[in-house]
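> Dropping in target19.csv, with CSV, C-alpha atoms and all ligand atoms.
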chain,number,residue,atom,x,y,z
A,1,MET,CA,0.0,0.0,0.0
A,2,LEU,CA,1.2,3.5,-0.9
A,3,LYS,CA,2.8,5.2,2.2
A,4,LEU,CA,1.7,8.8,2.5
A,5,GLY,CA,3.6,11.5,4.4
A,6,PHE,CA,2.6,15.1,5.3
A,7,ILE,CA,4.9,18.1,5.9
A,8,GLY,CA,2.8,20.8,7.4
A,9,ALA,CA,0.0,19.8,9.8
A,10,GLY,CA,-2.3,22.7,9.4
A,11,THR,CA,-5.9,22.8,8.1
A,12,VAL,CA,-5.4,21.2,4.7
A,13,GLY,CA,-2.7,18.7,5.7
A,14,THR,CA,-4.7,17.4,8.7
A,15,ALA,CA,-8.0,17.2,6.9
A,16,LEU,CA,-6.5,15.5,3.9
A,17,ALA,CA,-4.6,13.0,6.0
A,18,ALA,CA,-7.6,12.1,8.1
A,19,ARG,CA,-9.9,11.8,5.1
A,20,LEU,CA,-7.5,9.8,3.0
A,21,ASN,CA,-6.8,7.5,6.0
A,22,GLY,CA,-10.6,7.1,6.4
A,23,ARG,CA,-10.7,5.9,2.8
A,24,GLY,CA,-8.0,3.3,3.4
A,25,TYR,CA,-4.8,5.1,2.6
A,26,ALA,CA,-1.8,4.6,4.9
A,27,VAL,CA,-0.6,7.9,6.4
A,28,VAL,CA,2.7,6.9,7.9
A,29,ALA,CA,4.6,10.1,8.6
A,30,VAL,CA,4.1,13.7,9.6
A,31,SER,CA,6.2,16.7,10.4
A,32,SER,CA,5.3,20.3,11.2
A,33,ARG,CA,6.9,23.5,12.4
A,34,SER,CA,5.4,22.8,15.9
A,35,ARG,CA,5.1,19.4,17.5
A,36,THR,CA,1.6,20.2,18.7
A,37,SER,CA,0.3,20.4,15.2
A,38,ALA,CA,2.1,17.2,14.2
A,39,GLN,CA,0.6,15.5,17.2
A,40,ASN,CA,-2.9,16.6,16.3
A,41,LEU,CA,-2.5,15.2,12.8
A,42,ALA,CA,-0.9,12.0,14.1
A,43,GLN,CA,-3.8,11.5,16.5
A,44,SER,CA,-6.4,11.8,13.8
A,45,VAL,CA,-5.1,8.9,11.7
A,46,ASN,CA,-4.1,5.3,12.5
A,47,GLY,CA,-0.4,4.3,12.5
A,48,CYS,CA,1.2,7.7,11.8
A,49,ARG,CA,4.6,8.6,13.3
A,50,ILE,CA,6.0,12.1,14.0
A,51,PHE,CA,9.4,12.9,12.3
A,52,ASP,CA,11.4,15.9,11.2
A,53,SER,CA,10.7,16.9,7.6
A,54,GLN,CA,13.6,14.8,6.3
A,55,GLY,CA,12.2,11.8,8.2
A,56,VAL,CA,8.9,12.2,6.4
A,57,ALA,CA,10.7,12.3,3.0
A,58,ASP,CA,12.7,9.2,4.0
A,59,ASN,CA,9.7,7.2,5.3
A,60,ALA,CA,6.9,8.0,2.8
A,61,GLU,CA,6.5,7.2,-0.9
A,62,LEU,CA,4.2,10.1,-1.6
A,63,ILE,CA,4.7,13.3,0.4
A,64,PHE,CA,2.3,16.2,0.6
A,65,ILE,CA,3.9,19.5,1.4
A,66,THR,CA,1.0,21.3,3.0
A,67,THR,CA,2.8,24.3,4.4
A,68,PRO,CA,1.8,27.8,3.6
A,69,ASP,CA,2.6,28.6,-0.1
A,70,ASP,CA,5.6,30.7,0.7
A,71,ALA,CA,7.4,27.8,2.5
A,72,ILE,CA,6.8,25.1,-0.2
A,73,ALA,CA,9.9,25.9,-2.4
A,74,GLN,CA,12.1,26.2,0.7
A,75,VAL,CA,11.0,22.8,2.0
A,76,ALA,CA,11.4,21.2,-1.4
A,77,SER,CA,15.0,22.6,-1.8
A,78,GLN,CA,16.1,21.7,1.8
A,79,LEU,CA,15.3,18.0,1.8
A,80,LYS,CA,17.0,15.0,0.1
A,81,TRP,CA,14.5,13.3,-2.2
A,82,ARG,CA,14.9,9.9,-3.8
A,83,PRO,CA,14.1,8.8,-7.4
A,84,GLY,CA,10.6,7.5,-7.9
A,85,GLN,CA,8.9,8.9,-4.8
A,86,GLY,CA,6.1,11.4,-5.2
A,87,VAL,CA,6.2,15.0,-3.9
A,88,VAL,CA,3.0,17.0,-4.1
A,89,HIS,CA,1.9,20.4,-2.9
A,90,CYS,CA,-1.7,21.8,-2.5
A,91,SER,CA,-1.2,25.4,-3.6
A,92,GLY,CA,-3.7,26.8,-6.1
A,93,ALA,CA,-1.5,29.5,-7.6
A,94,ASP,CA,1.8,27.7,-7.8
A,95,SER,CA,2.7,25.0,-10.4
A,96,THR,CA,5.1,22.1,-10.0
A,97,ALA,CA,7.9,24.5,-10.9
A,98,ILE,CA,8.5,25.2,-7.2
A,99,LEU,CA,9.2,21.5,-6.7
A,100,GLN,CA,12.1,21.5,-9.2
A,101,PRO,CA,14.7,20.5,-6.6
A,102,ALA,CA,12.7,17.3,-5.9
A,103,LYS,CA,12.3,16.7,-9.6
A,104,ASP,CA,16.1,17.2,-10.1
A,105,SER,CA,16.6,14.3,-7.6
A,106,GLY,CA,14.4,12.0,-9.6
A,107,ALA,CA,11.2,12.4,-7.6
A,108,ARG,CA,7.8,12.7,-9.4
A,109,VAL,CA,6.3,16.0,-8.7
A,110,GLY,CA,2.6,17.1,-8.7
A,111,VAL,CA,-0.1,19.5,-7.5
A,112,PHE,CA,-3.2,18.4,-5.7
A,113,HIS,CA,-5.3,21.6,-5.2
A,114,PRO,CA,-8.7,21.3,-3.5
A,115,LEU,CA,-10.9,24.0,-5.0
A,116,GLN,CA,-12.6,24.7,-1.8
A,117,THR,CA,-12.4,27.1,1.1
A,118,PHE,CA,-11.3,25.5,4.4
A,119,ALA,CA,-11.6,27.7,7.5
A,120,SER,CA,-10.9,24.9,10.0
A,121,VAL,CA,-10.0,21.2,10.0
A,122,LYS,CA,-13.5,20.2,10.9
A,123,GLN,CA,-15.1,22.3,8.2
A,124,ALA,CA,-12.4,21.1,5.7
A,125,MET,CA,-13.4,17.5,6.5
A,126,GLU,CA,-17.0,18.3,5.9
A,127,ASN,CA,-16.5,20.3,2.7
A,128,MET,CA,-14.0,18.1,1.0
A,129,PRO,CA,-16.5,15.5,-0.5
A,130,GLY,CA,-18.0,16.9,-3.7
A,131,SER,CA,-15.1,19.3,-4.2
A,132,THR,CA,-13.0,19.5,-7.4
A,133,PHE,CA,-9.3,18.9,-7.2
A,134,ALA,CA,-7.0,20.6,-9.7
A,135,LEU,CA,-4.3,18.2,-10.7
A,136,GLU,CA,-0.9,18.8,-12.3
A,137,ALA,CA,1.4,15.8,-12.7
A,138,GLY,CA,2.8,13.3,-15.2
A,139,GLU,CA,2.0,9.6,-15.2
A,140,PRO,CA,2.2,7.4,-13.1
A,141,LEU,CA,1.6,10.0,-10.3
A,142,LEU,CA,-1.3,11.6,-12.1
A,143,LYS,CA,-3.3,8.4,-12.0
A,144,LYS,CA,-2.6,8.1,-8.2
A,145,LEU,CA,-3.9,11.7,-7.7
A,146,LYS,CA,-7.0,11.1,-9.7
A,147,ASP,CA,-7.7,8.0,-7.6
A,148,MET,CA,-7.3,10.0,-4.4
A,149,ALA,CA,-9.6,12.8,-5.6
A,150,THR,CA,-12.2,10.1,-6.4
A,151,ALA,CA,-11.6,8.3,-3.0
A,152,LEU,CA,-12.2,11.7,-1.3
A,153,GLY,CA,-15.7,11.8,-2.9
A,154,GLY,CA,-14.5,14.6,-5.2
A,155,HIS,CA,-13.9,15.3,-8.9
A,156,TRP,CA,-10.7,16.3,-10.7
A,157,VAL,CA,-9.6,18.6,-13.4
A,158,GLU,CA,-6.2,18.4,-15.1
A,159,LEU,CA,-4.3,21.7,-15.5
A,160,LYS,CA,-1.1,22.7,-17.2
A,161,ALA,CA,1.5,24.7,-15.2
A,162,SER,CA,0.7,27.7,-17.4
A,163,ASP,CA,-3.0,27.6,-16.4
A,164,LYS,CA,-2.4,27.8,-12.7
A,165,VAL,CA,-2.3,31.6,-12.1
A,166,LEU,CA,-5.6,32.3,-14.0
A,167,TYR,CA,-7.2,29.2,-12.5
A,168,HIS,CA,-6.4,30.6,-9.0
A,169,ALA,CA,-7.5,34.1,-10.0
A,170,ALA,CA,-10.9,32.6,-10.9
A,171,ALA,CA,-11.1,30.9,-7.5
A,172,VAL,CA,-10.3,34.3,-5.8
A,173,ILE,CA,-13.1,36.0,-7.8
A,174,ALA,CA,-15.7,33.3,-7.0
A,175,CYS,CA,-14.8,32.8,-3.4
A,176,ASN,CA,-12.9,35.7,-1.7
A,177,TYR,CA,-14.6,38.5,-3.7
A,178,MET,CA,-18.0,37.0,-2.8
A,179,VAL,CA,-17.0,37.6,0.8
A,180,THR,CA,-16.1,41.2,-0.2
A,181,LEU,CA,-19.4,41.7,-2.0
A,182,VAL,CA,-21.4,40.6,1.0
A,183,LYS,CA,-19.3,42.9,3.2
A,184,LEU,CA,-20.1,45.8,0.9
A,185,ALA,CA,-23.8,45.0,0.9
A,186,THR,CA,-23.9,44.8,4.7
A,187,ASP,CA,-22.0,48.1,4.9
A,188,LEU,CA,-24.9,49.7,2.9
A,189,TRP,CA,-27.3,48.3,5.5
A,190,GLN,CA,-25.5,50.5,8.1
A,191,THR,CA,-27.1,53.5,6.4
A,192,PHE,CA,-30.4,52.4,7.7
A,193,ASP,CA,-29.0,51.3,11.1
A,194,VAL,CA,-29.2,47.5,10.9
A,195,PRO,CA,-26.2,46.0,12.7
A,196,PRO,CA,-23.7,44.1,10.4
A,197,GLN,CA,-24.5,40.7,11.9
A,198,LYS,CA,-28.3,41.1,11.4
A,199,ALA,CA,-27.7,42.4,7.9
A,200,THR,CA,-25.5,39.3,7.1
A,201,GLN,CA,-28.2,37.0,8.5
A,202,ALA,CA,-30.8,38.8,6.3
A,203,LEU,CA,-28.7,38.5,3.2
A,204,LEU,CA,-27.7,34.9,3.7
A,205,PRO,CA,-31.0,33.3,2.4
A,206,LEU,CA,-30.6,35.6,-0.7
A,207,LEU,CA,-27.1,34.3,-1.2
A,208,ARG,CA,-28.2,30.7,-0.7
A,209,GLY,CA,-31.0,31.2,-3.2
A,210,THR,CA,-28.6,32.6,-5.7
A,211,ILE,CA,-26.2,29.7,-5.4
A,212,HIS,CA,-29.1,27.3,-5.6
A,213,ASN,CA,-30.3,29.0,-8.8
A,214,ILE,CA,-26.8,28.9,-10.4
A,215,ASP,CA,-26.7,25.2,-9.6
A,216,THR,CA,-30.2,24.3,-10.7
A,217,VAL,CA,-31.1,26.8,-13.4
A,218,GLY,CA,-27.6,27.8,-14.5
A,219,ILE,CA,-26.0,31.0,-16.0
A,220,PRO,CA,-27.4,33.0,-17.7
A,221,GLN,CA,-31.0,32.0,-16.9
A,222,CYS,CA,-30.6,32.4,-13.2
A,223,LEU,CA,-29.8,36.1,-13.5
A,224,THR,CA,-32.6,38.3,-12.0
A,225,GLY,CA,-32.8,42.0,-11.0
A,226,PRO,CA,-32.9,45.3,-12.8
A,227,ILE,CA,-30.2,44.6,-15.4
A,228,ALA,CA,-31.9,41.3,-16.4
A,229,ARG,CA,-35.2,43.2,-16.7
A,230,GLY,CA,-33.7,46.3,-18.4
A,231,ASP,CA,-35.0,48.6,-15.7
A,232,VAL,CA,-32.9,51.6,-16.6
A,233,GLY,CA,-34.7,53.9,-14.1
A,234,THR,CA,-33.9,51.6,-11.2
A,235,ILE,CA,-30.2,51.6,-12.1
A,236,LYS,CA,-30.2,55.4,-12.3
A,237,LYS,CA,-31.8,55.6,-8.8
A,238,HIS,CA,-29.1,53.2,-7.4
A,239,LEU,CA,-26.3,55.3,-8.9
A,240,ASP,CA,-27.8,58.6,-7.5
A,241,ALA,CA,-28.3,57.1,-4.0
A,242,LEU,CA,-24.8,55.6,-4.0
A,243,GLU,CA,-23.2,58.9,-5.1
A,244,GLN,CA,-24.9,60.4,-2.0
A,245,ALA,CA,-24.5,57.7,0.7
A,246,ALA,CA,-21.5,55.6,-0.4
A,247,PRO,CA,-19.5,57.3,-3.3
A,248,HIS,CA,-16.6,54.8,-2.7
A,249,LEU,CA,-18.9,52.0,-4.0
A,250,VAL,CA,-20.0,53.7,-7.3
A,251,SER,CA,-17.1,52.5,-9.4
A,252,THR,CA,-17.5,48.9,-8.2
A,253,TYR,CA,-21.3,49.1,-8.8
A,254,ARG,CA,-20.7,50.4,-12.3
A,255,GLU,CA,-18.0,47.8,-13.2
A,256,LEU,CA,-20.1,44.9,-12.0
A,257,GLY,CA,-23.1,46.3,-13.7
A,258,LEU,CA,-21.3,46.5,-17.0
A,259,GLN,CA,-20.1,42.9,-16.6
A,260,THR,CA,-23.7,41.8,-15.9
A,261,ILE,CA,-25.1,43.3,-19.2
A,262,PRO,CA,-23.8,40.4,-21.5
A,263,ILE,CA,-25.4,37.9,-19.1
A,264,ALA,CA,-28.7,39.7,-19.4
A,265,VAL,CA,-28.4,39.7,-23.2
A,266,ALA,CA,-27.6,36.0,-23.2
A,267,LYS,CA,-30.7,35.4,-21.1
A,268,GLY,CA,-32.7,37.0,-23.8
A,269,ARG,CA,-34.7,39.4,-21.6
A,270,ILE,CA,-33.1,42.6,-22.9
A,271,ASP,CA,-32.4,43.5,-26.5
A,272,LYS,CA,-29.3,45.3,-28.0
A,273,ASN,CA,-30.9,48.7,-27.6
A,274,GLN,CA,-31.6,48.2,-23.9
A,275,ALA,CA,-28.1,46.8,-23.4
A,276,GLU,CA,-26.7,49.9,-25.0
A,277,GLU,CA,-28.9,52.2,-22.8
A,278,LEU,CA,-27.7,50.4,-19.7
A,279,ARG,CA,-24.0,50.6,-20.9
A,280,VAL,CA,-24.3,54.4,-21.3
A,281,ILE,CA,-25.7,54.8,-17.8
A,282,LEU,CA,-23.2,52.5,-16.2
A,283,GLN,CA,-20.1,53.7,-17.9
A,284,PRO,CA,-18.0,56.0,-15.8
A,285,ALA,CA,-18.8,59.6,-16.4
A,301,LIG,N1,-7.2,26.7,3.6
A,301,LIG,C1,-7.7,26.7,2.4
A,301,LIG,O1,-8.9,27.1,2.2
A,301,LIG,C2,-6.9,26.1,1.3
A,301,LIG,C3,-7.7,25.6,0.2
A,301,LIG,C4,-7.0,25.1,-0.9
A,301,LIG,C5,-5.6,24.9,-0.8
A,301,LIG,N2,-4.9,25.4,0.3
A,301,LIG,C6,-3.4,25.2,0.3
A,301,LIG,O2,-3.1,24.2,1.2
A,301,LIG,C7,-1.8,24.5,1.7
A,301,LIG,C8,-1.8,24.6,3.3
A,301,LIG,O3,-2.7,25.6,3.6
A,301,LIG,P1,-3.5,25.6,5.0
A,301,LIG,O4,-4.7,26.5,4.9
A,301,LIG,O5,-3.6,24.3,5.5
A,301,LIG,O6,-2.4,26.4,5.9
A,301,LIG,P2,-2.2,26.4,7.5
A,301,LIG,O7,-3.5,26.0,8.2
A,301,LIG,O8,-1.6,27.7,7.8
A,301,LIG,O9,-1.2,25.2,7.7
A,301,LIG,C9,0.1,25.2,7.3
A,301,LIG,C10,0.9,24.4,8.3
A,301,LIG,O10,2.3,24.3,7.8
A,301,LIG,C11,3.1,24.3,9.0
A,301,LIG,N3,4.4,24.9,8.5
A,301,LIG,C12,4.7,26.2,8.3
A,301,LIG,N4,6.0,26.3,7.8
A,301,LIG,C13,6.5,25.1,7.8
A,301,LIG,C14,7.7,24.5,7.5
A,301,LIG,N5,8.7,25.3,7.1
A,301,LIG,N6,7.9,23.2,7.7
A,301,LIG,C15,6.9,22.4,8.1
A,301,LIG,N7,5.7,22.8,8.5
A,301,LIG,C16,5.5,24.2,8.3
A,301,LIG,C17,2.4,25.2,10.0
A,301,LIG,O11,2.9,24.7,11.2
A,301,LIG,P3,2.6,24.7,12.7
A,301,LIG,O12,1.1,24.7,12.9
A,301,LIG,O13,3.2,23.5,13.2
A,301,LIG,O14,3.2,26.0,13.3
A,301,LIG,C18,0.9,25.0,9.7
A,301,LIG,O15,0.4,24.0,10.6
A,301,LIG,C19,-1.3,25.9,1.1
A,301,LIG,O16,-0.5,25.6,-0.1
A,301,LIG,C20,-2.7,26.5,0.6
A,301,LIG,O17,-2.5,27.3,-0.5
A,301,LIG,C21,-5.5,25.9,1.3
Turn the structure described in the file into structure tokens.

Amino acid sequence: MLKLGFIGAGTVGTALAARLNGRGYAVVAVSSRSRTSAQNLAQSVNGCRIFDSQGVADNAELIFITTPDDAIAQVASQLKWRPGQGVVHCSGADSTAILQPAKDSGARVGVFHPLQTFASVKQAMENMPGSTFALEAGEPLLKKLKDMATALGGHWVELKASDKVLYHAAAVIACNYMVTLVKLATDLWQTFDVPPQKATQALLPLLRGTIHNIDTVGIPQCLTGPIARGDVGTIKKHLDALEQAAPHLVSTYRELGLQTIPIAVAKGRIDKNQAEELRVILQPA
């Protein structure tokens, strides 16, 4: 059975180790900056021993470097690797290029990026099934990573090294900037004196409904609201009110509105003339 090792016992390392172990994989070795983190991971899987990082490289056949992104290249360059063993990181933005020292030693290098947001180990364990894993590797490692993604209840997509940065930018837009948009929306609720927490609670069913519609109805048909209806007057009112109450939001509102017009056109609810009218209003003065 393939012996797995983890360097970096944080959120992703611990959740991956525990899930993979639960699916029958042998997690035999762990190291981390602190012994406490390594102990936490070791306790969540069967038969896992704590080593220093070189010990993990020596005792495992496939090593996950699950440190913060900035430490991966350093870990890869500091350790002695052996030909044939696998060395994988889980960063979304970095390619296998940062594992070059391991590759130079004959190791097979790869990326195994869970396209998911993990705020804690518990939440990571819950959210992992159903997630897509972005894989970058050559055979025979690629097949092993595909099997792991499937064993974790997920899906996989294969990426080239040159795809990684835009792939990660897409994840940031969909995930992190959604957080930013909700924060901007709750800030606007402060103008009518509803506390942020209550505003977030009020907006959450709307967010859930939107995600449900994206999932079930799909883009562009799930788009609703004034741009989808061609309600030019409503957009004008929004812009006027924002200029008064939150002028710092006007440029964001305009830009997102402009990006929404093609979706409304694709939905078929507005024609080219209405789209042009909306474009004129939304374009910066
Ligand atoms: N969190 C997410 O939502 C998410 C999603 C997809 C992919 N990822 C990727 O997964 C990787 C890990 O992220 P994470 O969120 O799990 O980070 P994290 O919770 O901060 O965990 C990183 C762990 O690495 C350990 N560490 C730091 N420097 C080290 C070194 N030089 N040698 C050994 N261990 C070291 C830390 O040690 P101690 O605790 O021992 O101090 C920490 O436990 C990153 O590449 C990240 O991009 C994260």
> Could you name the residues that touch stretch 170-178 of chain A at 10 Å or less, counting only C-alpha atoms, but leaving out those on the same chain fewer than 5 positions away, as a PyMOL selection string?
chain A and resi 92-93+115-117+164-165+183-184+207
> Looking at all atoms listed in the file, which of A:Ala228, A:Pro247, A:Thr252, A:Ser120 is the one that sits closest to A:Thr180?
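Of A:Ala228, A:Pro247, A:Thr252, A:Ser120, the one nearest A:Thr180 is A:Thr252, counting all atoms listed in the file.
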> Could you jot down the atom C2 of ligand LIG 301 (chain A) to atom CA of A:Glu126 separation for me, Å, one decimal place?
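A separation of 13.6 Å between them.
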> In Å to one decimal, how far is atom C16 of ligand LIG 301 (chain A) from atom CA of A:Phe64?
11.6 Å
> Please write out the residues within 6 Å of ligand LIG 301 (chain A) as a ChimeraX atom specification, counting all atoms listed in the file.
/A:7-13,32-34,37,66-69,71,90-92,113-119
> Would you kindly return, as an MDAnalysis selection string, each protein, DNA or RNA residue with an atom no farther than 10 Å from any atom of stretch 257-259 of chain A, considering all atoms listed in the file and excluding same-chain residues fewer than 6 positions away?
chainID A and resid 226:227 235 251 275 278:283
> Between A:Asp94, A:Glu243, A:Asp193, A:Asp52, single out the one closest to A:Ile72, counting only C-alpha atoms.
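Among A:Asp94, A:Glu243, A:Asp193, A:Asp52, it is A:Asp94 that comes nearest to A:Ile72.
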> Just want the 8 Å neighbourhood of stretch 147-154 of chain A, counted on only C-alpha atoms, with same-chain residues fewer than 3 positions away dropped. Output as a PyMOL selection string.
chain A and resi 19-20+23+128-133+143-144
> Leaving out A:Gly138 and any residue of its chain fewer than 6 positions from it, which residues lie within 12 Å of it when counting only C-alpha atoms, given as a ChimeraX atom specification?
/A:86-88,96,103,107-111,144-146,158-161
> Restricting the output to C-alpha atoms, write the selected residues as an mmCIF file, in the coordinates of the input.

data_model
loop_
_atom_site.group_PDB
_atom_site.id
_atom_site.type_symbol
_atom_site.label_atom_id
_atom_site.label_comp_id
_atom_site.auth_asym_id
_atom_site.auth_seq_id
_atom_site.Cartn_x
_atom_site.Cartn_y
_atom_site.Cartn_z
ATOM 1 C CA GLY A 86 6.100 11.400 -5.200
ATOM 2 C CA VAL A 87 6.200 15.000 -3.900
ATOM 3 C CA VAL A 88 3.000 17.000 -4.100
ATOM 4 C CA THR A 96 5.100 22.100 -10.000
ATOM 5 C CA LYS A 103 12.300 16.700 -9.600
ATOM 6 C CA ALA A 107 11.200 12.400 -7.600
ATOM 7 C CA ARG A 108 7.800 12.700 -9.400
ATOM 8 C CA VAL A 109 6.300 16.000 -8.700
ATOM 9 C CA GLY A 110 2.600 17.100 -8.700
ATOM 10 C CA VAL A 111 -0.100 19.500 -7.500
ATOM 11 C CA LYS A 144 -2.600 8.100 -8.200
ATOM 12 C CA LEU A 145 -3.900 11.700 -7.700
ATOM 13 C CA LYS A 146 -7.000 11.100 -9.700
ATOM 14 C CA GLU A 158 -6.200 18.400 -15.100
ATOM 15 C CA LEU A 159 -4.300 21.700 -15.500
ATOM 16 C CA LYS A 160 -1.100 22.700 -17.200
ATOM 17 C CA ALA A 161 1.500 24.700 -15.200
#
> At a cut-off of 12 Å, using only C-alpha atoms, what residues contact A:Gly209? Leave out same-chain residues fewer than 5 positions from it and give the result as a ChimeraX atom specification.
/A:203-204,214-217,222-224
> For atom CA of A:Ala17 and atom CA of A:Gly106, quote the distance in Å rounded to one decimal.
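Separation between atom CA of A:Ala17 and atom CA of A:Gly106: 24.6 Å.
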> Restricting the calculation to all atoms listed in the file, which member of A:Met125, A:Gln54, A:Lys80, A:Ile270 is positioned closest to A:Gly22?
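Using all atoms listed in the file, the shortest distance to A:Gly22 belongs to A:Met125.
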> Let me make sure I understand: among A:Ser77, A:Thr200, A:Asn46, A:Gln190, which one has the smallest atom-to-atom distance to A:Asn21 if we use only C-alpha atoms?
A:Asn46
> Nearest to A:Gln221: which of A:Glu276, A:Cys48, A:Gly268, A:His168 is it, counting only C-alpha atoms?
A:Gly268
> So, with all atoms listed in the file as the atoms that count, which of A:Ala124, A:Leu249, A:Ala199, A:Val157 lies closest to A:Ala137?
A:Val157
> Around (2.5, 13.4, 10.5), as given in the file, which residues come within 9 Å? Count all atoms listed in the file and list them as an MDAnalysis selection string.
chainID A and resid 5:9 13:14 17 27:32 37:43 45 48:51 56
> Write out all heavy atoms for stretch 189-196 of chain A, as a compact mmCIF listing (two decimals), in the frame of the given file.

# COMPACT_ATOMS: atom_id res chain seq x y z
N TRP A 189 -26.25 48.44 4.55
CA TRP A 189 -27.30 48.30 5.50
C TRP A 189 -27.07 49.22 6.75
O TRP A 189 -28.01 49.53 7.49
CB TRP A 189 -27.51 46.85 5.98
CG TRP A 189 -28.33 46.03 5.03
CD1 TRP A 189 -28.13 45.91 3.70
CD2 TRP A 189 -29.48 45.24 5.34
NE1 TRP A 189 -29.07 45.07 3.13
CE2 TRP A 189 -29.91 44.65 4.13
CE3 TRP A 189 -30.19 44.96 6.52
CZ2 TRP A 189 -31.02 43.80 4.06
CZ3 TRP A 189 -31.29 44.11 6.45
CH2 TRP A 189 -31.69 43.55 5.23
N GLN A 190 -25.81 49.62 6.95
CA GLN A 190 -25.50 50.50 8.10
C GLN A 190 -26.16 51.88 7.88
O GLN A 190 -26.41 52.60 8.84
CB GLN A 190 -24.00 50.68 8.29
CG GLN A 190 -23.22 49.38 8.42
CD GLN A 190 -23.91 48.39 9.32
OE1 GLN A 190 -24.03 48.62 10.51
NE2 GLN A 190 -24.40 47.29 8.74
N THR A 191 -26.44 52.24 6.61
CA THR A 191 -27.10 53.50 6.40
C THR A 191 -28.51 53.56 6.88
O THR A 191 -29.06 54.64 7.10
CB THR A 191 -27.06 53.90 4.85
OG1 THR A 191 -27.85 52.94 4.16
CG2 THR A 191 -25.66 53.94 4.28
N PHE A 192 -29.12 52.38 7.04
CA PHE A 192 -30.40 52.40 7.70
C PHE A 192 -30.37 51.63 9.04
O PHE A 192 -31.34 51.02 9.49
CB PHE A 192 -31.56 51.83 6.78
CG PHE A 192 -31.19 50.70 5.86
CD1 PHE A 192 -31.43 49.39 6.24
CD2 PHE A 192 -30.65 50.95 4.61
CE1 PHE A 192 -31.11 48.34 5.39
CE2 PHE A 192 -30.32 49.89 3.76
CZ PHE A 192 -30.54 48.60 4.14
N ASP A 193 -29.17 51.69 9.65
CA ASP A 193 -29.00 51.30 11.10
C ASP A 193 -29.32 49.87 11.42
O ASP A 193 -29.85 49.62 12.51
CB ASP A 193 -29.75 52.26 11.98
CG ASP A 193 -29.15 53.66 11.96
OD1 ASP A 193 -27.93 53.75 11.72
OD2 ASP A 193 -29.90 54.63 12.16
N VAL A 194 -29.05 48.93 10.52
CA VAL A 194 -29.20 47.50 10.90
C VAL A 194 -27.78 47.00 11.16
O VAL A 194 -26.91 47.13 10.31
CB VAL A 194 -29.87 46.70 9.78
CG1 VAL A 194 -29.94 45.23 10.16
CG2 VAL A 194 -31.27 47.24 9.50
N PRO A 195 -27.54 46.41 12.35
CA PRO A 195 -26.20 46.00 12.70
C PRO A 195 -25.66 44.95 11.67
O PRO A 195 -26.46 44.17 11.10
CB PRO A 195 -26.35 45.31 14.06
CG PRO A 195 -27.66 45.74 14.57
CD PRO A 195 -28.52 46.12 13.41
N PRO A 196 -24.33 44.94 11.44
CA PRO A 196 -23.70 44.10 10.40
C PRO A 196 -24.17 42.62 10.53
O PRO A 196 -24.48 41.97 9.52
CB PRO A 196 -22.24 44.22 10.62
CG PRO A 196 -22.07 45.51 11.33
CD PRO A 196 -23.32 45.77 12.11
